$ cat query.cif   # mmCIF, C-alpha atoms and all ligand atoms
data_target
#
loop_
_atom_site.label_atom_id
_atom_site.label_comp_id
_atom_site.auth_asym_id
_atom_site.auth_seq_id
_atom_site.Cartn_x
_atom_site.Cartn_y
_atom_site.Cartn_z
CA MET A 1 -12.66 -4.05 20.60
CA LEU A 2 -11.74 -1.74 17.74
CA GLU A 3 -12.93 1.28 19.64
CA ASN A 4 -10.63 1.00 22.59
CA LYS A 5 -7.60 -0.71 21.14
CA THR A 6 -4.23 0.63 22.18
CA VAL A 7 -2.63 3.05 19.76
CA TYR A 8 0.62 5.01 19.78
CA LEU A 9 0.67 8.80 19.65
CA ASN A 10 3.78 10.93 20.14
CA GLY A 11 5.56 8.74 22.66
CA GLN A 12 2.52 7.36 24.47
CA TYR A 13 0.47 4.17 24.22
CA LEU A 14 -3.15 4.97 24.95
CA PRO A 15 -6.70 3.88 24.12
CA LEU A 16 -7.81 4.94 20.65
CA ASN A 17 -10.61 7.11 21.96
CA GLU A 18 -8.13 9.10 24.07
CA ALA A 19 -5.75 9.76 21.17
CA LYS A 20 -6.26 13.38 20.12
CA ILE A 21 -4.40 15.77 17.83
CA SER A 22 -4.69 19.50 17.28
CA VAL A 23 -6.84 20.96 14.49
CA LEU A 24 -3.68 22.87 13.52
CA ASP A 25 -1.88 19.63 12.72
CA ARG A 26 -0.55 19.98 9.18
CA GLY A 27 -1.70 16.47 8.39
CA PHE A 28 -5.27 17.66 9.00
CA LEU A 29 -4.91 21.08 7.34
CA PHE A 30 -2.77 20.18 4.32
CA GLY A 31 -2.39 16.40 4.11
CA ASP A 32 1.26 17.20 4.91
CA GLY A 33 2.53 13.80 5.95
CA VAL A 34 3.45 10.25 4.99
CA TYR A 35 2.35 6.80 6.08
CA GLU A 36 3.17 3.11 5.97
CA VAL A 37 1.05 -0.03 6.13
CA ILE A 38 3.04 -2.96 7.54
CA PRO A 39 1.49 -6.43 7.83
CA SER A 40 2.07 -8.33 11.06
CA TYR A 41 1.53 -12.06 10.52
CA TYR A 42 1.11 -13.59 13.96
CA GLY A 43 3.43 -10.97 15.38
CA HIS A 44 6.03 -11.17 12.59
CA LEU A 45 6.44 -7.78 10.91
CA PHE A 46 6.47 -8.64 7.20
CA HIS A 47 9.46 -7.20 5.33
CA PHE A 48 9.98 -4.62 8.05
CA GLN A 49 13.29 -3.34 6.65
CA GLN A 50 11.73 -2.73 3.22
CA HIS A 51 8.83 -0.85 4.78
CA MET A 52 11.35 1.26 6.75
CA GLU A 53 13.36 1.96 3.61
CA ARG A 54 10.21 3.12 1.80
CA LEU A 55 9.26 5.25 4.82
CA GLU A 56 12.70 6.88 4.71
CA ASN A 57 12.24 7.61 1.00
CA SER A 58 8.74 9.03 1.56
CA LEU A 59 10.00 11.30 4.34
CA ALA A 60 12.92 12.47 2.19
CA ALA A 61 10.52 13.18 -0.71
CA ILE A 62 8.49 15.59 1.45
CA ARG A 63 11.61 16.97 3.19
CA LEU A 64 10.62 15.81 6.65
CA ALA A 65 13.36 14.54 8.97
CA ASN A 66 12.91 10.96 10.15
CA PRO A 67 12.08 11.23 13.86
CA HIS A 68 13.50 7.77 14.71
CA PRO A 69 16.17 5.36 13.49
CA ARG A 70 14.95 1.93 12.33
CA GLY A 71 15.73 0.19 15.64
CA GLN A 72 13.61 2.69 17.54
CA TRP A 73 10.74 2.32 15.08
CA GLN A 74 10.81 -1.39 15.73
CA GLU A 75 10.64 -0.82 19.51
CA ILE A 76 7.75 1.62 19.11
CA LEU A 77 5.70 -0.56 16.75
CA ARG A 78 6.37 -4.04 18.13
CA PRO A 79 4.02 -3.80 21.15
CA LEU A 80 1.03 -2.82 18.99
CA PRO A 81 0.01 -5.90 16.96
CA ASP A 82 -1.79 -8.84 18.52
CA ALA A 83 0.54 -11.81 17.94
CA SER A 84 -2.38 -14.25 17.83
CA GLN A 85 -3.72 -12.93 14.53
CA ASN A 86 -2.93 -11.29 11.22
CA GLN A 87 -2.99 -7.54 11.51
CA TYR A 88 -1.48 -4.52 9.85
CA ILE A 89 0.20 -1.55 11.46
CA TYR A 90 -0.86 1.83 10.11
CA LEU A 91 1.89 4.38 10.81
CA GLN A 92 1.47 8.07 10.02
CA ILE A 93 3.93 10.92 10.43
CA THR A 94 2.92 14.51 9.75
CA ARG A 95 4.88 17.74 9.83
CA GLY A 96 3.23 18.46 13.17
CA VAL A 97 1.35 21.36 14.70
CA ALA A 98 2.26 24.89 13.63
CA THR A 99 1.11 28.05 15.37
CA LYS A 100 -0.89 29.18 12.33
CA ARG A 101 -2.02 27.88 8.95
CA ASP A 102 0.72 28.72 6.47
CA HIS A 103 1.78 26.76 3.40
CA ALA A 104 5.49 27.29 4.14
CA PHE A 105 7.13 24.69 6.38
CA PRO A 106 7.08 25.77 10.04
CA GLU A 107 10.38 26.03 11.92
CA ASN A 108 11.17 24.04 15.06
CA THR A 109 8.01 21.95 14.90
CA LEU A 110 7.93 18.39 16.17
CA PRO A 111 6.34 15.85 13.82
CA THR A 112 3.17 14.08 14.87
CA VAL A 113 3.66 10.30 15.02
CA PHE A 114 0.65 8.02 15.17
CA ALA A 115 0.35 4.24 14.84
CA MET A 116 -2.49 1.78 15.22
CA CYS A 117 -3.31 -1.81 14.27
CA SER A 118 -6.26 -3.32 12.45
CA ASN A 119 -7.11 -6.90 11.59
CA ILE A 120 -6.30 -8.14 8.11
CA VAL A 121 -9.67 -9.48 7.01
CA PRO A 122 -9.39 -11.95 4.11
CA PHE A 123 -10.58 -10.02 1.06
CA ALA A 124 -14.01 -11.24 -0.03
CA GLY A 125 -13.31 -11.21 -3.77
CA LYS A 126 -10.05 -13.13 -3.63
CA GLU A 127 -11.22 -16.62 -4.63
CA THR A 128 -13.69 -15.53 -7.30
CA GLY A 129 -11.79 -12.49 -8.53
CA ILE A 130 -12.94 -8.90 -8.79
CA LYS A 131 -14.17 -6.48 -11.41
CA ALA A 132 -11.93 -3.51 -12.18
CA VAL A 133 -12.45 -0.40 -14.26
CA THR A 134 -9.84 1.67 -16.06
CA MET A 135 -9.65 5.46 -15.90
CA ASP A 136 -7.19 8.26 -16.51
CA ASP A 137 -4.74 8.69 -13.65
CA SER A 138 -5.41 12.16 -12.24
CA ARG A 139 -2.60 12.09 -9.68
CA TRP A 140 0.60 14.09 -9.31
CA LYS A 141 4.27 13.28 -9.91
CA LEU A 142 5.01 12.11 -6.38
CA CYS A 143 3.21 8.78 -6.52
CA ASN A 144 6.41 7.00 -5.45
CA ALA A 145 6.09 8.60 -2.00
CA LYS A 146 3.48 7.12 0.34
CA THR A 147 1.87 10.41 1.33
CA VAL A 148 -1.36 10.86 3.26
CA THR A 149 -2.48 13.25 0.52
CA LEU A 150 -4.77 10.57 -0.93
CA LEU A 151 -7.77 12.50 -2.22
CA ALA A 152 -7.10 11.61 -5.87
CA ASN A 153 -6.79 7.92 -4.93
CA LEU A 154 -10.06 8.12 -2.99
CA LEU A 155 -11.85 9.68 -5.96
CA HIS A 156 -10.50 6.95 -8.24
CA ARG A 157 -11.54 4.14 -5.87
CA GLN A 158 -15.00 5.66 -5.42
CA GLU A 159 -15.47 6.06 -9.17
CA ALA A 160 -14.56 2.39 -9.58
CA LEU A 161 -17.14 1.41 -6.95
CA ASP A 162 -19.77 3.65 -8.55
CA ARG A 163 -19.12 1.91 -11.89
CA GLY A 164 -19.58 -1.53 -10.33
CA GLY A 165 -15.88 -2.38 -9.87
CA ALA A 166 -13.84 -3.12 -6.76
CA GLU A 167 -10.67 -1.36 -7.93
CA ALA A 168 -9.65 1.35 -10.37
CA ILE A 169 -6.80 0.61 -12.75
CA LEU A 170 -5.16 3.91 -13.60
CA VAL A 171 -3.82 4.83 -17.03
CA ARG A 172 -1.47 7.69 -17.89
CA ASP A 173 -0.75 8.57 -21.54
CA GLY A 174 -2.11 5.20 -22.66
CA TYR A 175 -0.05 3.13 -20.19
CA VAL A 176 -1.06 1.44 -16.94
CA THR A 177 0.37 2.97 -13.77
CA GLU A 178 -1.24 1.17 -10.82
CA GLY A 179 -4.49 0.69 -8.92
CA ALA A 180 -6.12 3.29 -6.65
CA ALA A 181 -4.53 1.46 -3.69
CA SER A 182 -2.62 -1.39 -5.33
CA ASN A 183 0.00 -2.33 -7.91
CA VAL A 184 -0.97 -4.04 -11.15
CA PHE A 185 0.35 -7.24 -12.73
CA ALA A 186 -0.70 -8.76 -16.06
CA VAL A 187 0.12 -12.06 -17.72
CA ILE A 188 0.87 -11.23 -21.35
CA ASP A 189 1.97 -13.97 -23.77
CA GLY A 190 2.80 -16.19 -20.81
CA ILE A 191 5.01 -13.57 -19.13
CA LEU A 192 4.17 -11.87 -15.84
CA VAL A 193 4.54 -8.12 -16.40
CA THR A 194 4.30 -5.17 -14.01
CA PRO A 195 5.01 -1.50 -14.73
CA PRO A 196 8.51 -0.35 -13.73
CA LYS A 197 9.17 1.77 -10.65
CA GLY A 198 9.21 5.53 -11.15
CA HIS A 199 7.34 8.65 -10.08
CA ASP A 200 4.04 7.24 -11.41
CA ILE A 201 3.67 4.33 -9.01
CA LEU A 202 4.14 3.43 -5.38
CA PRO A 203 6.94 0.87 -5.08
CA GLY A 204 4.76 -1.77 -3.43
CA ILE A 205 6.38 -4.19 -1.01
CA THR A 206 3.96 -6.93 -2.14
CA ARG A 207 5.01 -6.19 -5.74
CA ASP A 208 8.69 -6.73 -4.87
CA VAL A 209 7.93 -9.97 -3.02
CA ILE A 210 5.97 -11.28 -6.03
CA LEU A 211 8.85 -10.46 -8.40
CA ASP A 212 11.29 -12.28 -6.08
CA ILE A 213 9.01 -15.31 -5.84
CA ALA A 214 8.61 -15.38 -9.63
CA GLN A 215 12.37 -15.30 -10.13
CA GLN A 216 13.06 -17.97 -7.53
CA ASN A 217 10.51 -20.26 -9.12
CA HIS A 218 11.61 -19.64 -12.71
CA MET A 219 8.33 -17.99 -13.68
CA ALA A 220 8.92 -15.69 -16.65
CA CYS A 221 8.48 -12.09 -15.48
CA ARG A 222 9.60 -8.59 -16.35
CA GLU A 223 9.13 -4.98 -15.31
CA ASP A 224 7.81 -3.23 -18.39
CA ALA A 225 5.24 -0.72 -19.56
CA ILE A 226 1.75 -2.14 -20.16
CA SER A 227 -0.41 -0.32 -22.69
CA LEU A 228 -4.15 -0.15 -22.14
CA ALA A 229 -4.60 -2.32 -25.26
CA GLN A 230 -2.21 -4.95 -23.84
CA LEU A 231 -4.04 -4.89 -20.53
CA LYS A 232 -7.38 -5.42 -22.22
CA SER A 233 -6.11 -8.50 -24.05
CA ALA A 234 -4.03 -9.89 -21.15
CA ASP A 235 -4.52 -13.53 -20.09
CA GLU A 236 -4.60 -12.55 -16.43
CA ILE A 237 -4.64 -9.33 -14.41
CA TRP A 238 -3.93 -9.02 -10.67
CA VAL A 239 -3.90 -6.15 -8.21
CA THR A 240 -1.61 -6.41 -5.19
CA SER A 241 -1.25 -4.75 -1.80
CA SER A 242 -0.27 -5.45 1.80
CA THR A 243 -3.85 -5.57 3.03
CA ARG A 244 -5.47 -7.54 0.17
CA GLU A 245 -2.43 -9.49 -1.03
CA ILE A 246 -2.81 -10.80 -4.62
CA ILE A 247 -6.31 -10.35 -6.06
CA PRO A 248 -7.19 -11.64 -9.52
CA VAL A 249 -9.19 -9.30 -11.77
CA VAL A 250 -11.70 -11.34 -13.77
CA GLU A 251 -13.57 -8.54 -15.50
CA LEU A 252 -12.18 -5.28 -16.89
CA ASP A 253 -14.49 -2.49 -18.05
CA GLY A 254 -17.35 -4.99 -18.31
CA GLN A 255 -15.39 -7.54 -20.41
CA PRO A 256 -14.27 -10.91 -18.98
CA ILE A 257 -10.53 -11.56 -18.71
CA THR A 258 -9.98 -14.88 -20.53
CA ASP A 259 -12.80 -17.11 -19.17
CA GLY A 260 -13.76 -14.72 -16.37
CA LYS A 261 -12.14 -16.87 -13.69
CA PRO A 262 -8.89 -16.49 -11.69
CA GLY A 263 -6.10 -17.84 -13.89
CA PRO A 264 -3.51 -20.58 -13.38
CA VAL A 265 -0.54 -18.22 -12.96
CA TRP A 266 -2.39 -16.43 -10.15
CA GLN A 267 -3.21 -19.78 -8.49
CA ARG A 268 0.44 -20.73 -8.56
CA MET A 269 1.71 -17.38 -7.35
CA ASP A 270 -0.84 -17.20 -4.55
CA GLN A 271 0.22 -20.64 -3.32
CA PHE A 272 3.88 -19.58 -3.33
CA PHE A 273 2.98 -16.33 -1.57
CA GLN A 274 0.99 -18.07 1.19
CA ALA A 275 3.77 -20.60 1.69
CA TYR A 276 6.33 -17.79 1.89
CA LYS A 277 4.27 -15.96 4.53
CA GLN A 278 3.96 -19.14 6.58
CA SER A 279 7.67 -19.77 6.36
CA LEU A 280 8.35 -16.44 8.07
CA SER A 281 6.07 -16.73 11.12
N1 LIG A 301 -1.82 0.90 -0.12
N2 LIG A 301 -0.08 1.56 -4.83
C1 LIG A 301 -0.85 2.33 -4.04
C2 LIG A 301 -1.35 3.63 -4.57
C3 LIG A 301 -1.18 1.90 -2.74
O1 LIG A 301 -1.93 2.68 -1.96
C4 LIG A 301 -0.72 0.65 -2.29
C5 LIG A 301 -1.04 0.11 -0.93
C6 LIG A 301 0.09 -0.13 -3.14
C7 LIG A 301 0.67 -1.47 -2.74
O2 LIG A 301 1.75 -1.31 -1.85
P1 LIG A 301 2.09 -2.43 -0.77
O3 LIG A 301 2.22 -3.70 -1.51
O4 LIG A 301 3.37 -1.98 -0.16
O5 LIG A 301 0.94 -2.48 0.23
C8 LIG A 301 0.40 0.36 -4.41
C9 LIG A 301 -2.06 0.59 1.28
C10 LIG A 301 -2.35 -0.83 1.58
C11 LIG A 301 -3.09 1.56 1.83
O6 LIG A 301 -3.07 2.70 1.41
O7 LIG A 301 -3.87 1.18 2.71
#

$ encode --input "query.cif" --output "structure tokens" --more "lines below"
Ligand code: PDD
Amino acid sequence: MLENKTVYLNGQYLPLNEAKISVLDRGFLFGDGVYEVIPSYYGHLFHFQQHMERLENSLAAIRLANPHPRGQWQEILRPLPDASQNQYIYLQITRGVATKRDHAFPENTLPTVFAMCSNIVPFAGKETGIKAVTMDDSRWKLCNAKTVTLLANLLHRQEALDRGGAEAILVRDGYVTEGAASNVFAVIDGILVTPPKGHDILPGITRDVILDIAQQNHMACREDAISLAQLKSADEIWVTSSTREIIPVVELDGQPITDGKPGPVWQRMDQFFQAYKQSLS
């Protein structure tokens, strides 16, 4: 089923194995593009406007004109997800195909637009929690843009896996930034804390939803820097993303977090989050 699902490429819906792009596409040659990952819960596009706003910011950050207004994006993407299950839309826009390989932006080039859907598979480690490992953040100063230039993130994730973890927690100048493909939350002295937005982190949509839920339910929370020392002694740690939702970290760099089990604040937040999702579809 995966092999021949319908995808969208430059104005056409076609089977995945017929979707082809040029080897001169700047996404392929330079990683010159941006992307979005938008959950579709039984056909409901989760926080679509926020995903579009982030897409607009990512495009502006790489100086690529948005090929479609929001309404048109919705028309393009809506036919893709299967409304009988939970899926996510992967949308990628690159600077298109130039006549030759040249670092400078090409003139009069149409962007390449590609979108496909995949099932959201419940993440195996969610109920028991995962192991995470910390490492120095090797990335650039454009982490707030969701660019396809993900090699540093891949190297971080792979290093985490090689060291027996499921996610890397990245640290810059002694302070936590985010995960290789997730945002980070910690419960410190009873307060839910997540690093503030800036050029060091992707402004995660899941992160924003969690902060809203915390506020609505009078759970103490704040956006603040988290030092590595604070992270190591936190009561709870979570990593969050559209595809894995809210995952408790129960072991950090080989040491258990509290009793090595998902904590009570996570349990509460996950229940609120699931209820919120259900209320939308
Ligand atoms: N990544 N930070 C990074 C570096 C990410 O790659 C992601 C998600 C997040 C969380 O953002 P959101 O809550 O909007 O999914 C934070 C997606 C899922 C991916 O690359 O597949």

$ atom_distance --input "query.cif" --atom1 "CA of Ile130 (chain A)" --atom2 "CA of Gln158 (chain A)"
15.1 Å

$ residues_around --input "query.cif" --residues "Asn57 (chain A)" --least-positions-apart "6" --cutoff "12 Å" --atoms "only C-alpha atoms" --output "VMD selection string"
chain A and resid 34 to 36 50 to 51 63 to 66 142 to 147 202 to 203

$ write_last_selection --input "query.cif" --atoms "C-alpha atoms" --output "PDB file, keeping the file's coordinate frame"
ATOM      1  CA  VAL A  34       3.450  10.250   4.990  1.00  0.00           C
ATOM      2  CA  TYR A  35       2.350   6.800   6.080  1.00  0.00           C
ATOM      3  CA  GLU A  36       3.170   3.110   5.970  1.00  0.00           C
ATOM      4  CA  GLN A  50      11.730  -2.730   3.220  1.00  0.00           C
ATOM      5  CA  HIS A  51       8.830  -0.850   4.780  1.00  0.00           C
ATOM      6  CA  ARG A  63      11.610  16.970   3.190  1.00  0.00           C
ATOM      7  CA  LEU A  64      10.620  15.810   6.650  1.00  0.00           C
ATOM      8  CA  ALA A  65      13.360  14.540   8.970  1.00  0.00           C
ATOM      9  CA  ASN A  66      12.910  10.960  10.150  1.00  0.00           C
ATOM     10  CA  LEU A 142       5.010  12.110  -6.380  1.00  0.00           C
ATOM     11  CA  CYS A 143       3.210   8.780  -6.520  1.00  0.00           C
ATOM     12  CA  ASN A 144       6.410   7.000  -5.450  1.00  0.00           C
ATOM     13  CA  ALA A 145       6.090   8.600  -2.000  1.00  0.00           C
ATOM     14  CA  LYS A 146       3.480   7.120   0.340  1.00  0.00           C
ATOM     15  CA  THR A 147       1.870  10.410   1.330  1.00  0.00           C
ATOM     16  CA  LEU A 202       4.140   3.430  -5.380  1.00  0.00           C
ATOM     17  CA  PRO A 203       6.940   0.870  -5.080  1.00  0.00           C
TER      18      PRO A 203
END

$ residues_near_ligand --input "query.cif" --ligand "ligand LIG 301 (chain A)" --cutoff "9 Å" --atoms "all atoms listed in the file" --output "ChimeraX atom specification"
/A:35-39,51,54,90,143-144,146,148,150,153,178-184,201-209,239-245

$ write_last_selection --input "query.cif" --atoms "C-alpha atoms" --output "PDB file, in the frame of the given file"
ATOM      1  CA  TYR A  35       2.350   6.800   6.080  1.00  0.00           C
ATOM      2  CA  GLU A  36       3.170   3.110   5.970  1.00  0.00           C
ATOM      3  CA  VAL A  37       1.050  -0.030   6.130  1.00  0.00           C
ATOM      4  CA  ILE A  38       3.040  -2.960   7.540  1.00  0.00           C
ATOM      5  CA  PRO A  39       1.490  -6.430   7.830  1.00  0.00           C
ATOM      6  CA  HIS A  51       8.830  -0.850   4.780  1.00  0.00           C
ATOM      7  CA  ARG A  54      10.210   3.120   1.800  1.00  0.00           C
ATOM      8  CA  TYR A  90      -0.860   1.830  10.110  1.00  0.00           C
ATOM      9  CA  CYS A 143       3.210   8.780  -6.520  1.00  0.00           C
ATOM     10  CA  ASN A 144       6.410   7.000  -5.450  1.00  0.00           C
ATOM     11  CA  LYS A 146       3.480   7.120   0.340  1.00  0.00           C
ATOM     12  CA  VAL A 148      -1.360  10.860   3.260  1.00  0.00           C
ATOM     13  CA  LEU A 150      -4.770  10.570  -0.930  1.00  0.00           C
ATOM     14  CA  ASN A 153      -6.790   7.920  -4.930  1.00  0.00           C
ATOM     15  CA  GLU A 178      -1.240   1.170 -10.820  1.00  0.00           C
ATOM     16  CA  GLY A 179      -4.490   0.690  -8.920  1.00  0.00           C
ATOM     17  CA  ALA A 180      -6.120   3.290  -6.650  1.00  0.00           C
ATOM     18  CA  ALA A 181      -4.530   1.460  -3.690  1.00  0.00           C
ATOM     19  CA  SER A 182      -2.620  -1.390  -5.330  1.00  0.00           C
ATOM     20  CA  ASN A 183       0.000  -2.330  -7.910  1.00  0.00           C
ATOM     21  CA  VAL A 184      -0.970  -4.040 -11.150  1.00  0.00           C
ATOM     22  CA  ILE A 201       3.670   4.330  -9.010  1.00  0.00           C
ATOM     23  CA  LEU A 202       4.140   3.430  -5.380  1.00  0.00           C
ATOM     24  CA  PRO A 203       6.940   0.870  -5.080  1.00  0.00           C
ATOM     25  CA  GLY A 204       4.760  -1.770  -3.430  1.00  0.00           C
ATOM     26  CA  ILE A 205       6.380  -4.190  -1.010  1.00  0.00           C
ATOM     27  CA  THR A 206       3.960  -6.930  -2.140  1.00  0.00           C
ATOM     28  CA  ARG A 207       5.010  -6.190  -5.740  1.00  0.00           C
ATOM     29  CA  ASP A 208       8.690  -6.730  -4.870  1.00  0.00           C
ATOM     30  CA  VAL A 209       7.930  -9.970  -3.020  1.00  0.00           C
ATOM     31  CA  VAL A 239      -3.900  -6.150  -8.210  1.00  0.00           C
ATOM     32  CA  THR A 240      -1.610  -6.410  -5.190  1.00  0.00           C
ATOM     33  CA  SER A 241      -1.250  -4.750  -1.800  1.00  0.00           C
ATOM     34  CA  SER A 242      -0.270  -5.450   1.800  1.00  0.00           C
ATOM     35  CA  THR A 243      -3.850  -5.570   3.030  1.00  0.00           C
ATOM     36  CA  ARG A 244      -5.470  -7.540   0.170  1.00  0.00           C
ATOM     37  CA  GLU A 245      -2.430  -9.490  -1.030  1.00  0.00           C
TER      38      GLU A 245
END

$ closest_residue --input "query.cif" --among "A:Gly43, A:Pro195, A:Gly96, A:Pro111" --to "Asp82 (chain A)" --atoms "all atoms listed in the file"
A:Gly43

$ closest_residue --input "query.cif" --among "A:Phe114, A:Phe28, A:Tyr88, A:Trp266" --to "Arg101 (chain A)" --atoms "all atoms listed in the file"
A:Phe28

$ atom_distance --input "query.cif" --atom1 "CA of Gly31 (chain A)" --atom2 "CA of Phe46 (chain A)"
26.7 Å

$ residues_around --input "query.cif" --residues "Arg222 (chain A)" --least-positions-apart "2" --cutoff "9 Å" --atoms "all atoms listed in the file" --output "list of chain:residue names"
A:Ile191, A:Leu192, A:Val193, A:Thr194, A:Pro195, A:Pro196, A:Leu211, A:Ala220, A:Asp224

$ closest_residue --input "query.cif" --among "A:Ile169, A:Met269, A:Ala186, A:Leu280" --to "His218 (chain A)" --atoms "all atoms listed in the file"
A:Met269

$ residues_around --input "query.cif" --residues "Pro69 (chain A)" --least-positions-apart "6" --cutoff "12 Å" --atoms "only C-alpha atoms" --output "list in words"
Gln49, Met52, Glu53, Leu55, Glu56, Glu75 and Ile76 of chain A

$ residues_around --input "query.cif" --residues "Gln85 (chain A)" --least-positions-apart "5" --cutoff "10 Å" --atoms "only C-alpha atoms" --output "JSON, numbers by chain"
{"A": [40, 41, 42, 43, 119, 120]}
